[in-house]
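What follows is data_10.pdb (PDB, C-alpha atoms and all ligand atoms).
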```
ATOM      1  CA  MET A   1      11.805   2.073  36.961
ATOM      2  CA  PRO A   2      14.279   1.926  34.023
ATOM      3  CA  ALA A   3      15.249   5.351  32.690
ATOM      4  CA  THR A   4      17.315   6.878  29.912
ATOM      5  CA  LEU A   5      18.717  10.397  30.247
ATOM      6  CA  PHE A   6      19.238  13.099  27.629
ATOM      7  CA  ILE A   7      21.331  16.227  28.110
ATOM      8  CA  ALA A   8      22.879  18.885  25.838
ATOM      9  CA  ASP A   9      24.642  22.247  25.882
ATOM     10  CA  ILE A  10      26.675  21.805  29.032
ATOM     11  CA  HIS A  11      29.357  24.041  27.483
ATOM     12  CA  LEU A  12      32.135  22.798  29.763
ATOM     13  CA  SER A  13      35.136  25.081  29.980
ATOM     14  CA  GLN A  14      37.932  25.806  32.408
ATOM     15  CA  ASP A  15      36.448  29.270  32.905
ATOM     16  CA  GLU A  16      33.269  27.810  34.438
ATOM     17  CA  PRO A  17      34.307  25.575  37.338
ATOM     18  CA  ALA A  18      30.809  25.579  38.857
ATOM     19  CA  ILE A  19      29.344  24.027  35.694
ATOM     20  CA  THR A  20      32.119  21.423  35.629
ATOM     21  CA  ALA A  21      31.463  20.572  39.267
ATOM     22  CA  GLY A  22      27.719  20.347  38.599
ATOM     23  CA  PHE A  23      28.276  18.075  35.613
ATOM     24  CA  LEU A  24      30.681  15.779  37.476
ATOM     25  CA  SER A  25      28.230  15.495  40.330
ATOM     26  CA  PHE A  26      25.444  14.698  37.833
ATOM     27  CA  LEU A  27      27.642  11.879  36.444
ATOM     28  CA  ALA A  28      28.424  10.598  39.935
ATOM     29  CA  ARG A  29      24.970  10.863  41.536
ATOM     30  CA  GLU A  30      22.178  11.172  38.978
ATOM     31  CA  ALA A  31      23.359   9.162  35.985
ATOM     32  CA  PRO A  32      24.528   5.870  37.564
ATOM     33  CA  GLY A  33      21.019   4.410  37.921
ATOM     34  CA  ALA A  34      20.165   4.973  34.257
ATOM     35  CA  ASP A  35      20.187   2.511  31.353
ATOM     36  CA  ALA A  36      21.909   5.028  29.106
ATOM     37  CA  LEU A  37      23.016   8.651  28.827
ATOM     38  CA  TYR A  38      22.710  10.558  25.551
ATOM     39  CA  ILE A  39      24.716  13.773  25.221
ATOM     40  CA  LEU A  40      23.216  15.797  22.378
ATOM     41  CA  GLY A  41      26.099  18.125  21.567
ATOM     42  CA  ASP A  42      27.972  21.112  22.932
ATOM     43  CA  LEU A  43      29.254  19.135  25.881
ATOM     44  CA  PHE A  44      32.282  21.414  25.548
ATOM     45  CA  GLU A  45      32.346  25.165  24.986
ATOM     46  CA  VAL A  46      34.779  24.615  22.134
ATOM     47  CA  TRP A  47      36.714  21.626  20.778
ATOM     48  CA  ILE A  48      39.826  22.034  18.670
ATOM     49  CA  GLY A  49      41.063  18.451  18.554
ATOM     50  CA  ASP A  50      41.371  15.307  20.645
ATOM     51  CA  ASP A  51      45.068  16.050  21.136
ATOM     52  CA  ASP A  52      44.314  19.179  23.198
ATOM     53  CA  PRO A  53      46.069  18.519  26.542
ATOM     54  CA  ASN A  54      43.455  20.533  28.488
ATOM     55  CA  PRO A  55      43.211  18.783  31.897
ATOM     56  CA  LEU A  56      39.448  19.400  31.975
ATOM     57  CA  HIS A  57      39.118  16.991  29.036
ATOM     58  CA  GLN A  58      40.990  14.240  30.893
ATOM     59  CA  GLN A  59      38.852  14.771  33.963
ATOM     60  CA  VAL A  60      35.607  14.593  31.993
ATOM     61  CA  ALA A  61      36.785  11.550  30.012
ATOM     62  CA  ALA A  62      37.642   9.721  33.233
ATOM     63  CA  ALA A  63      34.257  10.512  34.785
ATOM     64  CA  LEU A  64      32.354   9.429  31.670
ATOM     65  CA  ARG A  65      34.405   6.260  31.402
ATOM     66  CA  GLN A  66      33.667   5.395  35.006
ATOM     67  CA  LEU A  67      29.974   5.835  34.292
ATOM     68  CA  SER A  68      30.022   3.611  31.212
ATOM     69  CA  GLU A  69      32.101   0.994  33.012
ATOM     70  CA  SER A  70      29.466   0.933  35.747
ATOM     71  CA  GLY A  71      27.005  -0.198  33.056
ATOM     72  CA  VAL A  72      25.452   3.041  31.780
ATOM     73  CA  ARG A  73      25.851   3.160  28.001
ATOM     74  CA  CYS A  74      26.984   6.646  26.903
ATOM     75  CA  TYR A  75      26.319   8.194  23.505
ATOM     76  CA  PHE A  76      27.375  11.472  21.926
ATOM     77  CA  ILE A  77      26.019  13.559  19.055
ATOM     78  CA  HIS A  78      28.185  16.470  17.930
ATOM     79  CA  GLY A  79      27.163  20.080  18.560
ATOM     80  CA  ASN A  80      28.240  23.188  16.679
ATOM     81  CA  ARG A  81      31.002  23.843  19.224
ATOM     82  CA  ASP A  82      32.424  20.342  19.548
ATOM     83  CA  PHE A  83      31.845  18.891  16.071
ATOM     84  CA  LEU A  84      35.553  18.033  15.927
ATOM     85  CA  LEU A  85      35.370  15.686  18.902
ATOM     86  CA  GLY A  86      36.725  12.423  17.513
ATOM     87  CA  GLN A  87      37.033   8.683  18.049
ATOM     88  CA  ARG A  88      40.136   9.051  20.159
ATOM     89  CA  PHE A  89      38.406  11.107  22.841
ATOM     90  CA  ALA A  90      35.195   9.089  22.526
ATOM     91  CA  ARG A  91      37.090   5.858  23.192
ATOM     92  CA  ARG A  92      38.870   7.405  26.148
ATOM     93  CA  ALA A  93      35.526   8.540  27.551
ATOM     94  CA  GLY A  94      33.861   5.203  26.819
ATOM     95  CA  MET A  95      31.153   6.794  24.728
ATOM     96  CA  GLN A  96      29.846   5.930  21.309
ATOM     97  CA  LEU A  97      29.657   8.617  18.626
ATOM     98  CA  LEU A  98      26.308   8.825  16.844
ATOM     99  CA  PRO A  99      25.395  10.474  13.523
ATOM    100  CA  ALA A 100      23.801  13.943  13.497
ATOM    101  CA  GLU A 101      20.306  12.427  13.427
ATOM    102  CA  GLN A 102      19.541   9.259  15.343
ATOM    103  CA  ILE A 103      16.390   7.258  16.007
ATOM    104  CA  VAL A 104      16.205   5.577  19.399
ATOM    105  CA  ASN A 105      13.658   2.998  20.438
ATOM    106  CA  LEU A 106      13.109   3.076  24.189
ATOM    107  CA  TYR A 107      10.500   1.194  26.173
ATOM    108  CA  ASP A 108       8.187   0.997  23.133
ATOM    109  CA  GLN A 109       8.714   4.673  22.341
ATOM    110  CA  ARG A 110      10.388   5.845  19.178
ATOM    111  CA  LEU A 111      12.239   9.149  19.306
ATOM    112  CA  LEU A 112      14.448  11.239  17.113
ATOM    113  CA  ILE A 113      17.439  12.970  18.682
ATOM    114  CA  MET A 114      19.788  15.603  17.281
ATOM    115  CA  HIS A 115      21.755  18.662  18.372
ATOM    116  CA  GLY A 116      19.264  21.063  16.816
ATOM    117  CA  ASP A 117      21.460  23.435  14.816
ATOM    118  CA  THR A 118      20.421  21.880  11.511
ATOM    119  CA  LEU A 119      16.808  22.860  12.249
ATOM    120  CA  CYS A 120      17.712  26.568  12.290
ATOM    121  CA  THR A 121      17.298  26.901   8.543
ATOM    122  CA  ASP A 122      16.317  30.603   8.676
ATOM    123  CA  ASP A 123      19.863  31.334   9.832
ATOM    124  CA  ALA A 124      21.378  31.204   6.381
ATOM    125  CA  GLY A 125      24.703  32.614   7.579
ATOM    126  CA  TYR A 126      25.100  29.837  10.096
ATOM    127  CA  GLN A 127      24.062  27.089   7.665
ATOM    128  CA  ARG A 128      26.695  28.357   5.216
ATOM    129  CA  PHE A 129      29.295  28.404   7.992
ATOM    130  CA  ARG A 130      28.278  24.872   9.020
ATOM    131  CA  ARG A 131      28.623  23.480   5.496
ATOM    132  CA  GLN A 132      32.087  25.003   5.272
ATOM    133  CA  VAL A 133      33.472  23.698   8.543
ATOM    134  CA  HIS A 134      31.923  20.251   8.014
ATOM    135  CA  ARG A 135      34.020  19.584   4.935
ATOM    136  CA  ARG A 136      36.273  16.670   5.837
ATOM    137  CA  TRP A 137      39.348  17.983   4.050
ATOM    138  CA  LEU A 138      39.130  21.359   5.794
ATOM    139  CA  GLN A 139      38.766  19.643   9.159
ATOM    140  CA  ARG A 140      41.812  17.488   8.470
ATOM    141  CA  LEU A 141      43.774  20.559   7.476
ATOM    142  CA  PHE A 142      42.667  22.384  10.630
ATOM    143  CA  LEU A 143      43.525  19.419  12.874
ATOM    144  CA  ALA A 144      47.019  19.269  11.381
ATOM    145  CA  LEU A 145      47.764  22.844  12.485
ATOM    146  CA  PRO A 146      49.718  23.505  15.684
ATOM    147  CA  LEU A 147      47.462  23.753  18.750
ATOM    148  CA  ALA A 148      48.216  27.426  19.335
ATOM    149  CA  VAL A 149      47.139  28.271  15.788
ATOM    150  CA  ARG A 150      43.932  26.228  16.164
ATOM    151  CA  GLN A 151      43.232  28.038  19.418
ATOM    152  CA  ARG A 152      43.593  31.415  17.712
ATOM    153  CA  ILE A 153      41.316  30.418  14.831
ATOM    154  CA  ALA A 154      38.704  29.029  17.204
ATOM    155  CA  SER A 155      38.646  32.126  19.364
ATOM    156  CA  ARG A 156      38.345  34.289  16.257
ATOM    157  CA  MET A 157      35.393  32.158  15.150
ATOM    158  CA  ARG A 158      33.824  32.509  18.571
ATOM    159  CA  ASN A 159      34.192  36.299  18.421
ATOM    160  CA  ASN A 160      32.719  36.398  14.923
ATOM    161  CA  SER A 161      29.833  34.297  16.108
ATOM    162  CA  ARG A 162      29.157  36.506  19.118
ATOM    163  CA  GLN A 163      29.174  39.568  16.915
ATOM    164  CA  ALA A 164      26.992  37.998  14.233
ATOM    165  CA  ASN A 165      24.460  36.879  16.840
ATOM    166  CA  GLN A 166      23.996  40.416  18.150
ATOM    167  CA  HIS A 167      22.473  41.355  14.817
ATOM    168  CA  LYS A 168      20.258  38.305  14.475
ATOM    169  CA  SER A 169      16.699  38.190  15.766
ATOM    170  CA  LEU A 170      15.610  35.503  18.203
ATOM    171  CA  GLU A 171      13.279  34.133  15.514
ATOM    172  CA  ILE A 172      16.133  33.639  13.078
ATOM    173  CA  MET A 173      18.150  31.811  15.727
ATOM    174  CA  ASP A 174      15.271  29.499  16.630
ATOM    175  CA  VAL A 175      14.267  26.369  14.758
ATOM    176  CA  ASN A 176      12.211  26.597  11.599
ATOM    177  CA  GLN A 177       8.836  24.933  12.057
ATOM    178  CA  GLN A 178       8.806  23.458   8.544
ATOM    179  CA  ALA A 179      12.248  21.954   9.093
ATOM    180  CA  VAL A 180      10.985  20.339  12.298
ATOM    181  CA  GLU A 181       7.869  18.920  10.651
ATOM    182  CA  GLN A 182       9.841  17.720   7.664
ATOM    183  CA  VAL A 183      12.434  15.785   9.639
ATOM    184  CA  MET A 184       9.827  14.280  11.985
ATOM    185  CA  THR A 185       7.697  13.227   9.038
ATOM    186  CA  HIS A 186      10.735  11.769   7.312
ATOM    187  CA  TYR A 187      11.613   9.597  10.315
ATOM    188  CA  GLN A 188       7.958   8.922  11.194
ATOM    189  CA  VAL A 189       8.343  10.001  14.815
ATOM    190  CA  GLN A 190       5.977  11.716  17.208
ATOM    191  CA  ARG A 191       8.731  12.887  19.528
ATOM    192  CA  LEU A 192      11.894  14.866  18.897
ATOM    193  CA  ILE A 193      14.494  15.795  21.524
ATOM    194  CA  HIS A 194      17.132  18.408  20.756
ATOM    195  CA  GLY A 195      19.169  21.230  22.273
ATOM    196  CA  HIS A 196      21.197  24.092  20.769
ATOM    197  CA  THR A 197      18.691  26.958  21.069
ATOM    198  CA  HIS A 198      19.010  27.113  24.872
ATOM    199  CA  ARG A 199      15.251  27.583  25.077
ATOM    200  CA  PRO A 200      14.022  24.712  27.212
ATOM    201  CA  ALA A 201      10.419  23.891  26.423
ATOM    202  CA  VAL A 202       7.995  21.236  25.292
ATOM    203  CA  HIS A 203       6.249  22.205  22.056
ATOM    204  CA  ALA A 204       3.137  20.449  20.844
ATOM    205  CA  LEU A 205       2.698  20.015  17.101
ATOM    206  CA  GLU A 206       1.106  17.719  14.584
ATOM    207  CA  VAL A 207       3.026  15.184  12.527
ATOM    208  CA  ASN A 208       1.315  12.809  10.103
ATOM    209  CA  HIS A 209      -2.056  14.018  11.421
ATOM    210  CA  ALA A 210      -1.251  12.895  14.958
ATOM    211  CA  ALA A 211      -0.183  14.739  18.089
ATOM    212  CA  ALA A 212       3.580  15.117  18.399
ATOM    213  CA  GLU A 213       6.070  16.729  20.732
ATOM    214  CA  ARG A 214       9.319  18.628  20.326
ATOM    215  CA  MET A 215      11.279  18.700  23.573
ATOM    216  CA  VAL A 216      14.086  21.254  23.824
ATOM    217  CA  LEU A 217      16.831  20.783  26.396
ATOM    218  CA  GLY A 218      18.164  23.772  28.290
ATOM    219  CA  ALA A 219      21.798  24.861  28.559
ATOM    220  CA  TRP A 220      23.610  24.353  31.826
ATOM    221  CA  HIS A 221      24.099  28.022  32.716
ATOM    222  CA  HIS A 222      22.596  28.446  36.151
ATOM    223  CA  GLU A 223      20.963  25.052  36.516
ATOM    224  CA  GLY A 224      21.176  21.607  35.003
ATOM    225  CA  SER A 225      18.637  20.426  32.448
ATOM    226  CA  MET A 226      17.751  16.907  31.371
ATOM    227  CA  ILE A 227      14.993  14.815  29.885
ATOM    228  CA  LYS A 228      14.288  11.487  31.476
ATOM    229  CA  VAL A 229      12.545   8.842  29.385
ATOM    230  CA  THR A 230      10.946   5.936  31.241
ATOM    231  CA  PRO A 231       8.256   3.391  30.281
ATOM    232  CA  ASP A 232       5.789   6.042  31.519
ATOM    233  CA  GLY A 233       6.928   8.673  29.014
ATOM    234  CA  ALA A 234       9.304  11.630  28.832
ATOM    235  CA  GLN A 235       9.798  14.093  31.616
ATOM    236  CA  PHE A 236      11.599  17.409  31.652
ATOM    237  CA  ILE A 237      13.782  18.015  34.725
ATOM    238  CA  ALA A 238      15.725  21.111  35.789
ATOM    239  CA  PHE A 239      17.986  20.824  38.828
ATOM    240  CA  PRO A 240      20.475  22.992  40.726
ATOM    241  CA  LEU A 241      24.135  22.574  39.813
TER     242      LEU A 241
HETATM  243  O1  LIG A 301      28.020  29.165  19.004
HETATM  244  P1  LIG A 301      27.108  30.313  19.216
HETATM  245  O2  LIG A 301      26.115  30.055  20.275
HETATM  246  O3  LIG A 301      27.847  31.601  19.407
HETATM  247  O4  LIG A 301      26.308  30.530  17.871
HETATM  248  C1  LIG A 301      25.928  29.461  17.049
HETATM  249  C2  LIG A 301      26.442  29.716  15.659
HETATM  250  N1  LIG A 301      27.882  29.903  15.663
HETATM  251  C3  LIG A 301      28.716  28.871  15.565
HETATM  252  C4  LIG A 301      30.203  29.163  15.553
HETATM  253  C5  LIG A 301      30.839  28.661  16.815
HETATM  254  O5  LIG A 301      30.488  29.455  17.912
HETATM  255  C6  LIG A 301      32.351  28.635  16.680
HETATM  256  C7  LIG A 301      32.820  27.265  16.925
HETATM  257  C8  LIG A 301      34.304  27.145  16.924
HETATM  258  C9  LIG A 301      34.704  25.711  16.718
HETATM  259  C10 LIG A 301      36.190  25.527  16.827
HETATM  260  C11 LIG A 301      36.736  24.596  15.840
HETATM  261  C12 LIG A 301      36.873  25.227  14.508
HETATM  262  C13 LIG A 301      37.202  24.203  13.492
HETATM  263  C14 LIG A 301      37.194  24.634  12.068
HETATM  264  C15 LIG A 301      37.259  23.411  11.232
HETATM  265  C16 LIG A 301      37.382  23.660   9.781
HETATM  266  O6  LIG A 301      28.341  27.714  15.527
HETATM  267  C17 LIG A 301      25.803  30.960  15.090
HETATM  268  C18 LIG A 301      24.299  30.783  15.139
HETATM  269  C19 LIG A 301      23.844  30.510  16.559
HETATM  270  O7  LIG A 301      24.522  29.345  17.044
HETATM  271  C20 LIG A 301      22.344  30.267  16.690
HETATM  272  O8  LIG A 301      21.973  29.104  15.988
HETATM  273  O9  LIG A 301      23.671  31.946  14.649
HETATM  274  O10 LIG A 301      26.204  31.098  13.744
HETATM  275  C21 LIG A 301      27.113  32.053  13.441
HETATM  276  O11 LIG A 301      27.403  32.933  14.216
HETATM  277  C22 LIG A 301      27.715  31.936  12.093
HETATM  278  C23 LIG A 301      27.734  33.290  11.406
HETATM  279  O12 LIG A 301      26.439  33.647  11.055
HETATM  280  C24 LIG A 301      28.628  33.245  10.220
HETATM  281  C25 LIG A 301      30.016  33.585  10.600
HETATM  282  C26 LIG A 301      30.894  33.557   9.396
HETATM  283  C27 LIG A 301      32.312  33.446   9.838
HETATM  284  C28 LIG A 301      33.153  33.050   8.678
HETATM  285  C29 LIG A 301      34.301  32.243   9.127
HETATM  286  C30 LIG A 301      34.781  31.393   7.995
HETATM  287  C31 LIG A 301      35.549  30.224   8.497
HETATM  288  C32 LIG A 301      35.990  29.370   7.351
HETATM  289  C33 LIG A 301      36.673  28.124   7.821
HETATM  290  C34 LIG A 301      38.115  28.272   8.056
HETATM  291 MN    MN A 302      24.812  24.442  19.993
END
```
Take the structure in the file and give it back as C-alpha cells.
Ligand code: LP5
Ligand code: MN
Amino acid sequence: MPATLFIADIHLSQDEPAITAGFLSFLAREAPGADALYILGDLFEVWIGDDDPNPLHQQVAAALRQLSESGVRCYFIHGNRDFLLGQRFARRAGMQLLPAEQIVNLYDQRLLIMHGDTLCTDDAGYQRFRRQVHRRWLQRLFLALPLAVRQRIASRMRNNSRQANQHKSLEIMDVNQQAVEQVMTHYQVQRLIHGHTHRPAVHALEVNHAAAERMVLGAWHHEGSMIKVTPDGAQFIAFPL
C-alpha cells in the first residue's frame, strides 16, 4: 500500500551516535518503500549555517540524497533548532524546503503540517525570542560571523534555553488549544501533524463542528517515532533505534 512518512525532533548531533545510527538505518530500511518523507523540524540538535564542516552533516546529506534519488521525495520544515538550515544544504541532501505551515493532500486526505513551536503561544518568552531570531537581517549578520563565534553564540543560547525551561511549567511549554483550533479552522483541516513538544500523542478535538485530530510526533531519544499516512488513514508508530 502507498505510504507517506512524517518524522520530527531527531536532534542529530555528534554526541549521540546511537541516534545517528538509528536515523541512518531508518533512511536505509524503513523509508525506501515510501512515496515521500516529511521531516518536520529539529532534524539537527543545532544548526549554525550550511557552511559548518561537521562531518555528521555530510553523512546525513548523503543518506538523504540517496533516498530521494531512489524515488522518495523528501521535504523539510524548519524547527526551532535548525531554522537556519538553508538551500545549500537542502540541495545537497536532495530535499525541498517548505514554509512553516504546509497543507498536504495525500490519498484524498488533507492535512496540515508544521514544527509546532508556533502553537506554544503561552510561552511568551519563546515567541519573543523566535520573532527576534527570525529577522532576516539578523540571520544574515549571524551567518556572516566566523564559525567559532557562531558556535559560541549558539551554545550560549542553548544554555539560556535550558535554564529558562527549568522555570517554565509543562503547560506553558505545551501547545495552546486556541492556537491549534485557530490554525486548523483557518486551513479548514481535520488533521494536524506536528512535533516540537516531545509529547507523542493523538489528541481528539473539534474543528468546524466536526471531529478532528492533532497528532504529535515524539522525539528520537530512546526510540524512533513516525506517523505513516496511507489510503487507510494515519498511524502512529514507535520503533527501536
Ligand atoms: O530548544 P529547547 O528545547 O531548549 O527549548 C525551546 C525554546 N528554546 C529555543 C532556543 C534554542 O534552544 C536555541 C537554538 C540555537 C540556534 C542556533 C542558531 C542561532 C542563530 C541566531 C540567528 C539570529 O528555541 C524554549 C521553549 C521550549 O522550546 C519549549 O517550547 O520554551 O524557549 C526559550 O528557552 C526561549 C527563552 O524563553 C527566551 C530566552 C531569551 C534569550 C535571549 C537571547 C537573545 C538573542 C538575540 C539574538 C542575537
Ligand atoms: Mn523543536
Mind giving me the axis-aligned box for range 61-64 of chain A with 4 Å on every side, centre plus edges in Å to one decimal, as AutoDock Vina command-line options?
```
--center_x 35.0 --center_y 10.5 --center_z 32.4 --size_x 13.3 --size_y 10.1 --size_z 12.8
```
Q | Selection within 6 Å of ligand LIG 301 (chain A) by all atoms listed in the file, output as a list in words | A |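 Within the 6 Å cut-off, the matching residues are Val46, Trp47, Ile48, Asn80, Arg81, Asp117, Gly125, Tyr126, Phe129, Val133, Leu138, Gln139, Phe142, Ala154, Met157, Arg158, Asn160, Ser161, Arg162, Ala164, Asn165 and Met173 of chain A.
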Let me see the file: selected residues, C-alpha atoms, as a JSON list (two decimals), keeping the file's coordinate frame.
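Once written, again-v9.json looks like this:
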```json
[["chain", "number", "residue", "atom", "x", "y", "z"],
["A", 46, "VAL", "CA", 34.78, 24.62, 22.13],
["A", 47, "TRP", "CA", 36.71, 21.63, 20.78],
["A", 48, "ILE", "CA", 39.83, 22.03, 18.67],
["A", 80, "ASN", "CA", 28.24, 23.19, 16.68],
["A", 81, "ARG", "CA", 31.00, 23.84, 19.22],
["A", 117, "ASP", "CA", 21.46, 23.44, 14.82],
["A", 125, "GLY", "CA", 24.70, 32.61, 7.58],
["A", 126, "TYR", "CA", 25.10, 29.84, 10.10],
["A", 129, "PHE", "CA", 29.30, 28.40, 7.99],
["A", 133, "VAL", "CA", 33.47, 23.70, 8.54],
["A", 138, "LEU", "CA", 39.13, 21.36, 5.79],
["A", 139, "GLN", "CA", 38.77, 19.64, 9.16],
["A", 142, "PHE", "CA", 42.67, 22.38, 10.63],
["A", 154, "ALA", "CA", 38.70, 29.03, 17.20],
["A", 157, "MET", "CA", 35.39, 32.16, 15.15],
["A", 158, "ARG", "CA", 33.82, 32.51, 18.57],
["A", 160, "ASN", "CA", 32.72, 36.40, 14.92],
["A", 161, "SER", "CA", 29.83, 34.30, 16.11],
["A", 162, "ARG", "CA", 29.16, 36.51, 19.12],
["A", 164, "ALA", "CA", 26.99, 38.00, 14.23],
["A", 165, "ASN", "CA", 24.46, 36.88, 16.84],
["A", 173, "MET", "CA", 18.15, 31.81, 15.73]]
```
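The residues returned by the PyMOL selection byres (((chain A and resi 70) around 12) and not hetatm) for this structure are Leu27, Ala28, Ala31, Pro32, Gly33, Ala34, Asp35, Ala36, Ala63, Leu64, Arg65, Gln66, Leu67, Ser68, Glu69, Gly71, Val72, Arg73, Cys74 and Gly94 of chain A.
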Q: Find the residues near ligand MN 302 (chain A). Use a cut-off of 10 Å, count only C-alpha atoms and all ligand atoms, and write them as a PyMOL selection string.
A: chain A and resi 8-11+40-45+78-83+115-118+194-198+219
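Across the structure, CA of Ile77 in chain A and CA of Leu98 in chain A are spaced 5.2 Å apart.
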How close does each residue of range 40-111 of chain A get to range 220-230 of chain A, giving the shortest atom pair and distance in Å to one decimal for every residue with an atom at most 10 Å away, counting only C-alpha atoms, sorted by chain and residue number, as a tab-separated table?
```
residue	atom	partner	partner_atom	distance
A:Leu43	CA	A:Trp220	CA	9.7
A:Leu106	CA	A:Val229	CA	7.8
A:Tyr107	CA	A:Thr230	CA	7.0
A:Asp108	CA	A:Thr230	CA	9.9
A:Gln109	CA	A:Val229	CA	9.0
```
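If all atoms listed in the file are the atoms counted, then among A:Leu141, A:Val216, A:Cys120, A:Ile7 the closest residue to Ile172 in chain A is A:Cys120.
For the pair CA of Pro2 in chain A and CA of Gly22 in chain A, the interatomic distance is 23.3 Å.
Taking CA of Pro231 in chain A and CA of Met114 in chain A as endpoints, the distance between them is 21.2 Å.
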